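Asker: One structure, as structure tokens, below. Some questions next.
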Amino acid sequence: MALTRHNLDNEWTFQQSDGSDDDWLPVQSVPSQVHMDLLANDKIPDPYIDLNELAARWIAEKDWTYKVQLKKPTGSTAGTSVTTDIVFEGLDTFATVLFNGTEILKTDNMFLSHRVDISTFLKDENVLEIKFDSAMLRGRELAKQHGHEHTFYVRQTEVSRVPVRKAQYNWGWDWGPILMTAGPWRPVYLEQYVSRIGDVWTHCEVSKDLKVCSGRVFATVTGAKSNSVTLSISLNGNTIWQKECPVNSNGLVESEFQIDSPELWHPFGYGPQTRYELKVTLALRDEKSKLIGFRRSELIQEKDEFGKSFYFRINGNDIFAGGSCWIPADSFLSQIPAQRYYDWMKLMVEGNQHMIRIWGGGIYEDDALFDACDELGILVWHDFQFACASYPTYPSYLESVEQEARQNLRRLRSHPSMVIWAGNNEDYQVQERYHLDYDYEGDKDPQSWLKSSFPARYTYEYLLPKIVKEEDPFVVYHPSSPWGDGKPTTDKTVGDIHQWNIWHGRMNRYQETHLLSGRFVSEFGMEAYPHLETIRDMVRDPQQQHPGSMMMDFRNKAIDHERRMITYVAENFLVKYDLPSYTHLTQVVQADTMNFAYKTWRREWGKPGARKCGGVLVWQLNDCWPTMSWAVVDYYLVKKPAFYAIANALKPLAVGISQPFHEWTAGHADPTLPARDNKFDLWVVSNRLEPIQVDITVRFISIRTGRDVHSPLKLENVTAQPNSTTEVLQDHAVAVVDPQLNDTTRPFSLAKYDPYVIHAVVNVDNQVITTDTAWPQPLKYLDFSGRDVSFKALSDDQVAISATRPVKGFVFEETRETKLSDNGFDLVPGEEKVVDVTDVALDSLRYTYIGAPEGSLKTGLTTPAESLRTSVASLLPKL
């Protein structure tokens, strides 16, 4: 008998566990979570709108029951060797499962899947019932029960989350709501078989010269005894390697294999994403296959002049890991379709982002995300699911942690995109904050760690690396993010850092990113509002659609959010506080932060042997609900201007300009210094693996008049070194426009001060490849009147924008339908910015820029086709 699967996705009902027989409500489909089902039955308002989250918090302290009736699958025959299993890919979280009234499973870990043999319980008519206890109440009980042996320190929300193996963000975070979910959050189904294949996988390594891939293939078989199975590896339908192998007494199959001259899997931009099919066949009964990729992946940590390096090398190529951090894409995980994961990962490629870091307070992510990363060539950093707390190590807890680690390593180990596991997110910062025991060099005894005030060190530095080595021996393990050889988590010479002195901490100006780099910046960020369509959808009351309203303040979960946001806005711009204008200002602040950070830290990619900074991951790519946050793309996949700033800074070939930083609001700071400091640096950074000849033009353009204040600087046949930073100009000085400004004994004349932008254009074969524009800081001191922005429709889906004077922060107002090739850019006189526009009409576009008369203006565009129709219509009466 071949294995058959029967999905249990329909005809479920649910109720609050203490309800009556009349309280059962229909479930649209499983997978599901209780908020989704209450909302579908009009029992709660939409928690994503207005203040409705508050009206849904009662759900967290209730128990819930799901039930379905099912018939015995056709083909089931009593007395045969057929086994019937029920499989739960995920139960959220404290669940008791009854089948025909008999308890068959009890679980307390959201991250585990379960398989139960129900052959002896199966009848013609059956009832499956799952009772879910309140995770919040159970967590409080566990914290109290184990309080005598562990102190539950926590940095976000309440301690009840710490002893519970559940997505930690359900308790709320500084970007997400408190929505404590429950339910069968992943698929439930029956499987029937005589024998079945459990899994098939490889442990293999590509040789240093990339000419051979060798290792072992494994498979597991369950059920009636089978003598042998066939293992095979194929490419494009052609079998590369095949072997018939015996099944041992434990159901394990293994064989050595070797592939000469393998076609490798590469990150996008470095080669194809080749994947082979790995298959195991059990004659006439079952087969299982998966797509795998062969690549040589290394984390290079070597002593150098800056301390100790931290960067990735894939197939012999050093990779600057520019990218993003990822949080769960929804507060209700069950409503994320596979296509949405794929659309998110496509944005990574569109944004030139090579690495996604899956944060430790969410989930072990869905297969669909990894499938997309494999296909598209995106590298994955995955935290184990611990975040911002001091976690316990009592025996039952560690046993559950070990099960979840092994299960998820086994599920994800075949993905070529998966290159590094980290033990947790910021738990060593909790150790530092509360002065918990940690003697990295002096205490190397794991058993003593269990008795310390920081017992989770045992989990991160002994248990998890041991499990990783056993389950996926060639993947990189890193004890935490951030972490570096047991040194303070802010040490910039080793490991990775979370650089939160922008926004949090010291609240450095974003112009100071050159002071804030590390060997690998795995978190940093700046908040911004989403576009207006998203704001007006999440706050429906027009009277509340303004900065500082009750609903707007409630929506932003960041601590002291308005204090911090207005500081960065007011420090850099003249403040406009109507909703469209303030939205735009926050977006330009965020985009400028990304521009300064990515181009400055990518400059430190340097050259082989001197990789000062190995990667930059913004906090964060996405949102779990509609909100204002650090996300560079909102919940509905609408891109903020910061997304485009990152994309431009991470182009395969990118130019950068920097000018000396001068403080302007620090005590007795001299705000006239930028008028006299006429030096700048210019560099080109390249991901390309071959040198390339470029021509560079540098212009100096008056912000006041739009005229060039100096002749352009022409740099021809500059060689951009491969996979390196090429320093083109350093401390290059240009003449001061008015020499009298250098005389500090005279009053500074603002009338004579003619500030200018420095604008660099890089051409390859007479084609513009990359540009950068450096502005005098702060921008609020500049006069942005009279920009004379104009538009020209080049076709029905292409528009050219130009201006007679330099324009800062031009932004088209994006919607869910709008698709743009670029946004949030600057304009300089003499150059047209051409933007591709799809899925919306050009005349529907709205825009603004710094200094614009309003925060949302109409372009007044008509397309060539519309103009022709208008002209013909006007001629008809005359004809």
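Chain labels A, B, ... are given in the sequence in which chains occur in the structure tokens; within each chain residues are numbered consecutively from 1, and ligands are likewise numbered from 1 in the order shown.
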Near Thr586 (chain A), within 9 Å and counting only C-alpha atoms, which residues show up once chain neighbours fewer than 6 positions away are dropped, as a PyMOL selection string?

Answerer: chain A and resi 527-529+565-566+568-569

Asker: Can you pull out every residue within 9 Å of Trp381 (chain A), counting only C-alpha atoms, but drop anything in the same chain fewer than 6 positions away, and send it as a list in words?

Answerer: Cys325, Met355, Ile356, Arg357, Ile358, Trp359, Ser417, Met418, Val419, Ile420, Trp421 and Ala422 of chain A

Asker: Only N, CA and C atoms, please: the residues just picked out, written as an mmCIF file, in the first residue's frame.

Answerer:
```cif
data_model
loop_
_atom_site.group_PDB
_atom_site.id
_atom_site.type_symbol
_atom_site.label_atom_id
_atom_site.label_comp_id
_atom_site.auth_asym_id
_atom_site.auth_seq_id
_atom_site.Cartn_x
_atom_site.Cartn_y
_atom_site.Cartn_z
ATOM 1 N N CYS A 325 16.870 42.394 9.137
ATOM 2 C CA CYS A 325 16.320 41.501 10.151
ATOM 3 C C CYS A 325 14.837 41.285 9.868
ATOM 4 N N MET A 355 21.237 39.097 2.756
ATOM 5 C CA MET A 355 21.042 38.278 3.955
ATOM 6 C C MET A 355 19.801 38.714 4.712
ATOM 7 N N ILE A 356 19.042 37.717 5.169
ATOM 8 C CA ILE A 356 17.903 37.938 6.056
ATOM 9 C C ILE A 356 18.227 37.267 7.389
ATOM 10 N N ARG A 357 18.044 38.014 8.468
ATOM 11 C CA ARG A 357 18.263 37.454 9.816
ATOM 12 C C ARG A 357 16.917 37.244 10.488
ATOM 13 N N ILE A 358 16.610 35.987 10.785
ATOM 14 C CA ILE A 358 15.340 35.643 11.410
ATOM 15 C C ILE A 358 15.514 35.742 12.923
ATOM 16 N N TRP A 359 14.807 36.687 13.483
ATOM 17 C CA TRP A 359 14.989 37.123 14.870
ATOM 18 C C TRP A 359 14.469 36.082 15.863
ATOM 19 N N SER A 417 20.394 27.958 1.505
ATOM 20 C CA SER A 417 20.374 29.345 1.955
ATOM 21 C C SER A 417 20.716 29.481 3.433
ATOM 22 N N MET A 418 20.543 28.413 4.199
ATOM 23 C CA MET A 418 20.712 28.449 5.656
ATOM 24 C C MET A 418 22.197 28.348 5.994
ATOM 25 N N VAL A 419 22.804 29.476 6.449
ATOM 26 C CA VAL A 419 24.256 29.479 6.618
ATOM 27 C C VAL A 419 24.712 29.673 8.055
ATOM 28 N N ILE A 420 23.845 30.149 8.956
ATOM 29 C CA ILE A 420 24.297 30.378 10.330
ATOM 30 C C ILE A 420 23.118 30.314 11.297
ATOM 31 N N TRP A 421 23.357 29.644 12.423
ATOM 32 C CA TRP A 421 22.425 29.647 13.555
ATOM 33 C C TRP A 421 23.067 30.438 14.692
ATOM 34 N N ALA A 422 22.269 31.290 15.326
ATOM 35 C CA ALA A 422 22.723 32.005 16.526
ATOM 36 C C ALA A 422 21.869 31.549 17.704
#
```

Asker: I'd like the interatomic distance between CA of Asp383 (chain A) and CA of Val164 (chain A), to a tenth of an Å.

Answerer: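 One can read the CA of Asp383 (chain A) to CA of Val164 (chain A) distance as 17.0 Å.
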
Asker: Pick out the closest residue to Leu122 (chain A) from this set: A:Thr102, A:Thr848, A:Gln659, A:Thr96. Count only C-alpha atoms.

Answerer: A:Thr102

Asker: At a cut-off of 7 Å, using only C-alpha atoms, what residues contact region 392-395 of chain A? Leave out same-chain residues fewer than 4 positions from it and give the result as a PDB file with N, CA and C atoms, in the first residue's frame.

Answerer:
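Resulting contents of selection_2.pdb:
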```pdb
ATOM      1  N   HIS A 150      15.085  30.014  39.831  1.00  0.00           N
ATOM      2  CA  HIS A 150      15.505  30.861  38.718  1.00  0.00           C
ATOM      3  C   HIS A 150      14.818  32.215  38.825  1.00  0.00           C
ATOM      4  N   PRO A 163       9.156  31.221  30.577  1.00  0.00           N
ATOM      5  CA  PRO A 163       9.169  29.760  30.675  1.00  0.00           C
ATOM      6  C   PRO A 163       8.324  29.050  29.625  1.00  0.00           C
ATOM      7  N   GLU A 399      14.665  19.661  28.162  1.00  0.00           N
ATOM      8  CA  GLU A 399      14.231  18.546  27.315  1.00  0.00           C
ATOM      9  C   GLU A 399      13.386  19.055  26.154  1.00  0.00           C
ATOM     10  N   LEU A 450      25.045  25.794  34.995  1.00  0.00           N
ATOM     11  CA  LEU A 450      23.659  25.502  35.392  1.00  0.00           C
ATOM     12  C   LEU A 450      23.358  26.006  36.802  1.00  0.00           C
ATOM     13  N   PRO A 455      22.080  30.689  33.956  1.00  0.00           N
ATOM     14  CA  PRO A 455      22.180  29.293  33.539  1.00  0.00           C
ATOM     15  C   PRO A 455      21.997  29.078  32.054  1.00  0.00           C
ATOM     16  N   ALA A 456      21.383  30.040  31.365  1.00  0.00           N
ATOM     17  CA  ALA A 456      21.160  29.870  29.925  1.00  0.00           C
ATOM     18  C   ALA A 456      22.468  29.792  29.146  1.00  0.00           C
TER      19      ALA A 456
END
```

Asker: Residues of region 292-319 of chain A that have any atom at most 9 Å from an atom of region 704-727 of chain A: could you tabulate them with the shortest-distance atom pair and the distance in Å to one decimal, using only C-alpha atoms, ordered by chain and increasing number, as a Markdown table?

Answerer:
```
| residue | atom | partner | partner_atom | distance |
| --- | --- | --- | --- | --- |
| A:Asn317 | CA | A:Asn723 | CA | 8.6 |
| A:Asp318 | CA | A:Asn723 | CA | 7.6 |
| A:Ile319 | CA | A:Asn723 | CA | 8.3 |
```

Asker: So that I have them on file, write out the residues from the current selection with N, CA and C atoms, as a short mmCIF file (atom, residue, chain, number, x, y, z; two decimals), in the first residue's frame.

Answerer:
```cif
data_model
loop_
_atom_site.label_atom_id
_atom_site.label_comp_id
_atom_site.auth_asym_id
_atom_site.auth_seq_id
_atom_site.Cartn_x
_atom_site.Cartn_y
_atom_site.Cartn_z
N ASN A 317 34.11 33.12 -2.40
CA ASN A 317 33.91 34.55 -2.58
C ASN A 317 33.50 35.20 -1.26
N ASP A 318 34.22 36.25 -0.87
CA ASP A 318 33.82 37.02 0.30
C ASP A 318 32.54 37.78 -0.03
N ILE A 319 31.55 37.70 0.86
CA ILE A 319 30.23 38.31 0.63
C ILE A 319 29.97 39.38 1.67
#
```

Asker: What's the 12 Å shell around Lys166 (chain A), counting only C-alpha atoms, without same-chain residues fewer than 3 positions away, as an MDAnalysis selection string?

Answerer: chainID A and resid 90:94 107:112 134:136 138:139 160:163 169:171 180:182 185 360:364 385:387 400:401 404

Asker: Write out, as an mmCIF file, in the first residue's frame, the residues just selected, with N, CA and C atoms.

Answerer:
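The result, written out as out15.cif:
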```cif
data_model
loop_
_atom_site.group_PDB
_atom_site.id
_atom_site.type_symbol
_atom_site.label_atom_id
_atom_site.label_comp_id
_atom_site.auth_asym_id
_atom_site.auth_seq_id
_atom_site.Cartn_x
_atom_site.Cartn_y
_atom_site.Cartn_z
ATOM 1 N N GLY A 90 1.917 21.777 14.146
ATOM 2 C CA GLY A 90 2.127 22.826 15.135
ATOM 3 C C GLY A 90 0.869 23.093 15.920
ATOM 4 N N LEU A 91 0.964 23.024 17.248
ATOM 5 C CA LEU A 91 -0.151 23.331 18.144
ATOM 6 C C LEU A 91 0.278 24.477 19.061
ATOM 7 N N ASP A 92 -0.536 25.494 19.146
ATOM 8 C CA ASP A 92 -0.213 26.735 19.853
ATOM 9 C C ASP A 92 -1.086 26.865 21.109
ATOM 10 N N THR A 93 -0.540 26.547 22.302
ATOM 11 C CA THR A 93 0.760 26.026 22.692
ATOM 12 C C THR A 93 0.535 24.897 23.694
ATOM 13 N N PHE A 94 -0.220 25.187 24.779
ATOM 14 C CA PHE A 94 -0.525 24.178 25.797
ATOM 15 C C PHE A 94 -1.774 23.428 25.336
ATOM 16 N N THR A 107 0.902 18.599 24.967
ATOM 17 C CA THR A 107 2.082 19.321 24.517
ATOM 18 C C THR A 107 2.118 20.720 25.101
ATOM 19 N N ASP A 108 3.331 21.264 25.215
ATOM 20 C CA ASP A 108 3.496 22.595 25.782
ATOM 21 C C ASP A 108 4.521 23.412 24.998
ATOM 22 N N ASN A 109 4.707 23.099 23.715
ATOM 23 C CA ASN A 109 5.726 23.770 22.914
ATOM 24 C C ASN A 109 5.176 24.029 21.520
ATOM 25 N N MET A 110 5.014 25.294 21.201
ATOM 26 C CA MET A 110 4.469 25.705 19.909
ATOM 27 C C MET A 110 5.354 25.290 18.743
ATOM 28 N N PHE A 111 6.657 25.129 19.006
ATOM 29 C CA PHE A 111 7.622 24.912 17.933
ATOM 30 C C PHE A 111 7.796 23.440 17.569
ATOM 31 N N LEU A 112 7.048 22.549 18.222
ATOM 32 C CA LEU A 112 7.179 21.122 17.958
ATOM 33 C C LEU A 112 6.059 20.623 17.056
ATOM 34 N N SER A 134 -4.742 28.717 28.355
ATOM 35 C CA SER A 134 -4.176 30.059 28.224
ATOM 36 C C SER A 134 -2.670 30.011 28.450
ATOM 37 N N ALA A 135 -1.909 30.386 27.434
ATOM 38 C CA ALA A 135 -0.446 30.397 27.564
ATOM 39 C C ALA A 135 0.006 31.465 28.541
ATOM 40 N N MET A 136 -0.725 32.561 28.620
ATOM 41 C CA MET A 136 -0.336 33.616 29.543
ATOM 42 C C MET A 136 -0.501 33.158 30.995
ATOM 43 N N ARG A 138 -0.713 30.002 32.080
ATOM 44 C CA ARG A 138 0.206 28.891 32.344
ATOM 45 C C ARG A 138 1.634 29.414 32.538
ATOM 46 N N GLY A 139 2.003 30.432 31.775
ATOM 47 C CA GLY A 139 3.328 31.015 31.938
ATOM 48 C C GLY A 139 3.514 31.645 33.301
ATOM 49 N N SER A 160 5.856 36.107 32.204
ATOM 50 C CA SER A 160 5.148 34.865 31.889
ATOM 51 C C SER A 160 5.566 34.285 30.549
ATOM 52 N N ARG A 161 6.186 35.087 29.687
ATOM 53 C CA ARG A 161 6.603 34.555 28.383
ATOM 54 C C ARG A 161 7.854 33.685 28.490
ATOM 55 N N VAL A 162 8.686 33.925 29.511
ATOM 56 C CA VAL A 162 10.014 33.326 29.543
ATOM 57 C C VAL A 162 9.977 31.804 29.688
ATOM 58 N N PRO A 163 9.156 31.221 30.577
ATOM 59 C CA PRO A 163 9.169 29.760 30.675
ATOM 60 C C PRO A 163 8.324 29.050 29.625
ATOM 61 N N TYR A 169 6.883 37.219 20.746
ATOM 62 C CA TYR A 169 6.263 38.486 20.370
ATOM 63 C C TYR A 169 4.758 38.493 20.594
ATOM 64 N N ASN A 170 4.148 37.313 20.837
ATOM 65 C CA ASN A 170 2.723 37.282 21.145
ATOM 66 C C ASN A 170 2.398 38.075 22.403
ATOM 67 N N TRP A 171 3.370 38.203 23.312
ATOM 68 C CA TRP A 171 3.185 38.999 24.521
ATOM 69 C C TRP A 171 3.326 40.498 24.249
ATOM 70 N N MET A 180 -2.303 37.257 22.173
ATOM 71 C CA MET A 180 -1.900 35.920 22.604
ATOM 72 C C MET A 180 -2.739 34.882 21.869
ATOM 73 N N THR A 181 -2.128 34.276 20.877
ATOM 74 C CA THR A 181 -2.841 33.347 20.008
ATOM 75 C C THR A 181 -2.938 31.961 20.629
ATOM 76 N N ALA A 182 -3.863 31.165 20.085
ATOM 77 C CA ALA A 182 -4.014 29.751 20.437
ATOM 78 C C ALA A 182 -4.686 29.059 19.265
ATOM 79 N N TRP A 185 -2.102 25.908 14.646
ATOM 80 C CA TRP A 185 -1.564 26.976 13.797
ATOM 81 C C TRP A 185 -0.851 26.470 12.560
ATOM 82 N N GLY A 360 15.065 36.085 17.070
ATOM 83 C CA GLY A 360 14.819 35.053 18.057
ATOM 84 C C GLY A 360 13.568 35.179 18.895
ATOM 85 N N GLY A 361 12.708 36.152 18.639
ATOM 86 C CA GLY A 361 11.480 36.274 19.421
ATOM 87 C C GLY A 361 10.231 35.906 18.647
ATOM 88 N N GLY A 362 10.427 35.248 17.495
ATOM 89 C CA GLY A 362 9.288 34.866 16.667
ATOM 90 C C GLY A 362 9.130 33.364 16.612
ATOM 91 N N ILE A 363 9.358 32.797 15.423
ATOM 92 C CA ILE A 363 9.199 31.352 15.221
ATOM 93 C C ILE A 363 10.372 30.827 14.400
ATOM 94 N N TYR A 364 10.499 29.505 14.385
ATOM 95 C CA TYR A 364 11.355 28.861 13.387
ATOM 96 C C TYR A 364 10.562 28.934 12.092
ATOM 97 N N GLN A 385 15.034 30.371 19.143
ATOM 98 C CA GLN A 385 13.948 31.223 19.598
ATOM 99 C C GLN A 385 14.015 31.541 21.101
ATOM 100 N N PHE A 386 14.941 32.461 21.373
ATOM 101 C CA PHE A 386 15.100 33.048 22.702
ATOM 102 C C PHE A 386 15.411 34.518 22.488
ATOM 103 N N ALA A 387 14.768 35.400 23.271
ATOM 104 C CA ALA A 387 14.979 36.822 23.018
ATOM 105 C C ALA A 387 14.793 37.652 24.283
ATOM 106 N N SER A 400 12.477 19.988 26.440
ATOM 107 C CA SER A 400 11.643 20.561 25.386
ATOM 108 C C SER A 400 12.479 21.364 24.400
ATOM 109 N N VAL A 401 13.442 22.137 24.900
ATOM 110 C CA VAL A 401 14.321 22.923 24.041
ATOM 111 C C VAL A 401 15.121 22.012 23.117
ATOM 112 N N GLU A 404 12.856 20.791 20.289
ATOM 113 C CA GLU A 404 12.556 21.817 19.278
ATOM 114 C C GLU A 404 13.777 22.100 18.427
#
```

Asker: For region 252-254 of chain A, find every residue with an atom within 7 Å (counting only C-alpha atoms), except residues of its own chain fewer than 3 positions away, and show them as an mmCIF file with C-alpha atoms, in the first residue's frame.

Answerer:
```cif
data_model
loop_
_atom_site.group_PDB
_atom_site.id
_atom_site.type_symbol
_atom_site.label_atom_id
_atom_site.label_comp_id
_atom_site.auth_asym_id
_atom_site.auth_seq_id
_atom_site.Cartn_x
_atom_site.Cartn_y
_atom_site.Cartn_z
ATOM 1 C CA ARG A 216 26.937 10.928 3.306
ATOM 2 C CA VAL A 217 23.274 10.556 2.370
ATOM 3 C CA PHE A 218 20.848 9.443 5.074
ATOM 4 C CA ALA A 219 17.217 8.319 5.140
ATOM 5 C CA THR A 220 14.878 6.897 7.762
ATOM 6 C CA VAL A 221 12.157 4.290 7.229
ATOM 7 C CA CYS A 245 21.013 0.663 0.209
ATOM 8 C CA PRO A 246 19.956 -1.679 3.022
ATOM 9 C CA VAL A 247 17.755 -0.506 5.887
ATOM 10 C CA ASN A 248 19.280 -1.317 9.274
#
```

Asker: Which value, in Å to one decimal, gives the distance between CA of Glu571 (chain A) and CA of Ala803 (chain A)?

Answerer: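 Distance reported for this atom pair: 26.0 Å.
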
Asker: Please list as a PyMOL selection string every residue within 6 Å of Phe524 (chain A), counting only C-alpha atoms and excluding residues in the same chain fewer than 4 positions away.

Answerer: chain A and resi 499-500+618-619

Asker: May I have the selected residues written with N, CA and C atoms, as an mmCIF file, in the first residue's frame?

Answerer:
```
data_model
loop_
_atom_site.group_PDB
_atom_site.id
_atom_site.type_symbol
_atom_site.label_atom_id
_atom_site.label_comp_id
_atom_site.auth_asym_id
_atom_site.auth_seq_id
_atom_site.Cartn_x
_atom_site.Cartn_y
_atom_site.Cartn_z
ATOM 1 N N GLN A 499 23.784 47.948 17.006
ATOM 2 C CA GLN A 499 24.159 49.350 17.175
ATOM 3 C C GLN A 499 22.906 50.196 17.391
ATOM 4 N N TRP A 500 22.521 50.354 18.669
ATOM 5 C CA TRP A 500 21.312 51.100 18.992
ATOM 6 C C TRP A 500 21.611 52.446 19.644
ATOM 7 N N VAL A 618 19.624 45.831 8.711
ATOM 8 C CA VAL A 618 18.746 46.833 9.318
ATOM 9 C C VAL A 618 17.690 46.149 10.186
ATOM 10 N N TRP A 619 17.378 46.776 11.309
ATOM 11 C CA TRP A 619 16.196 46.409 12.075
ATOM 12 C C TRP A 619 15.099 47.368 11.643
#
```

Asker: With a distance cut-off of 7 Å and only C-alpha atoms, select the neighbouring residues of Gln33 (chain A), excluding the residue or stretch itself and same-chain residues fewer than 2 positions from it, and output the selection as an MDAnalysis selection string.

Answerer: chainID A and resid 35:37 181:185 332 334
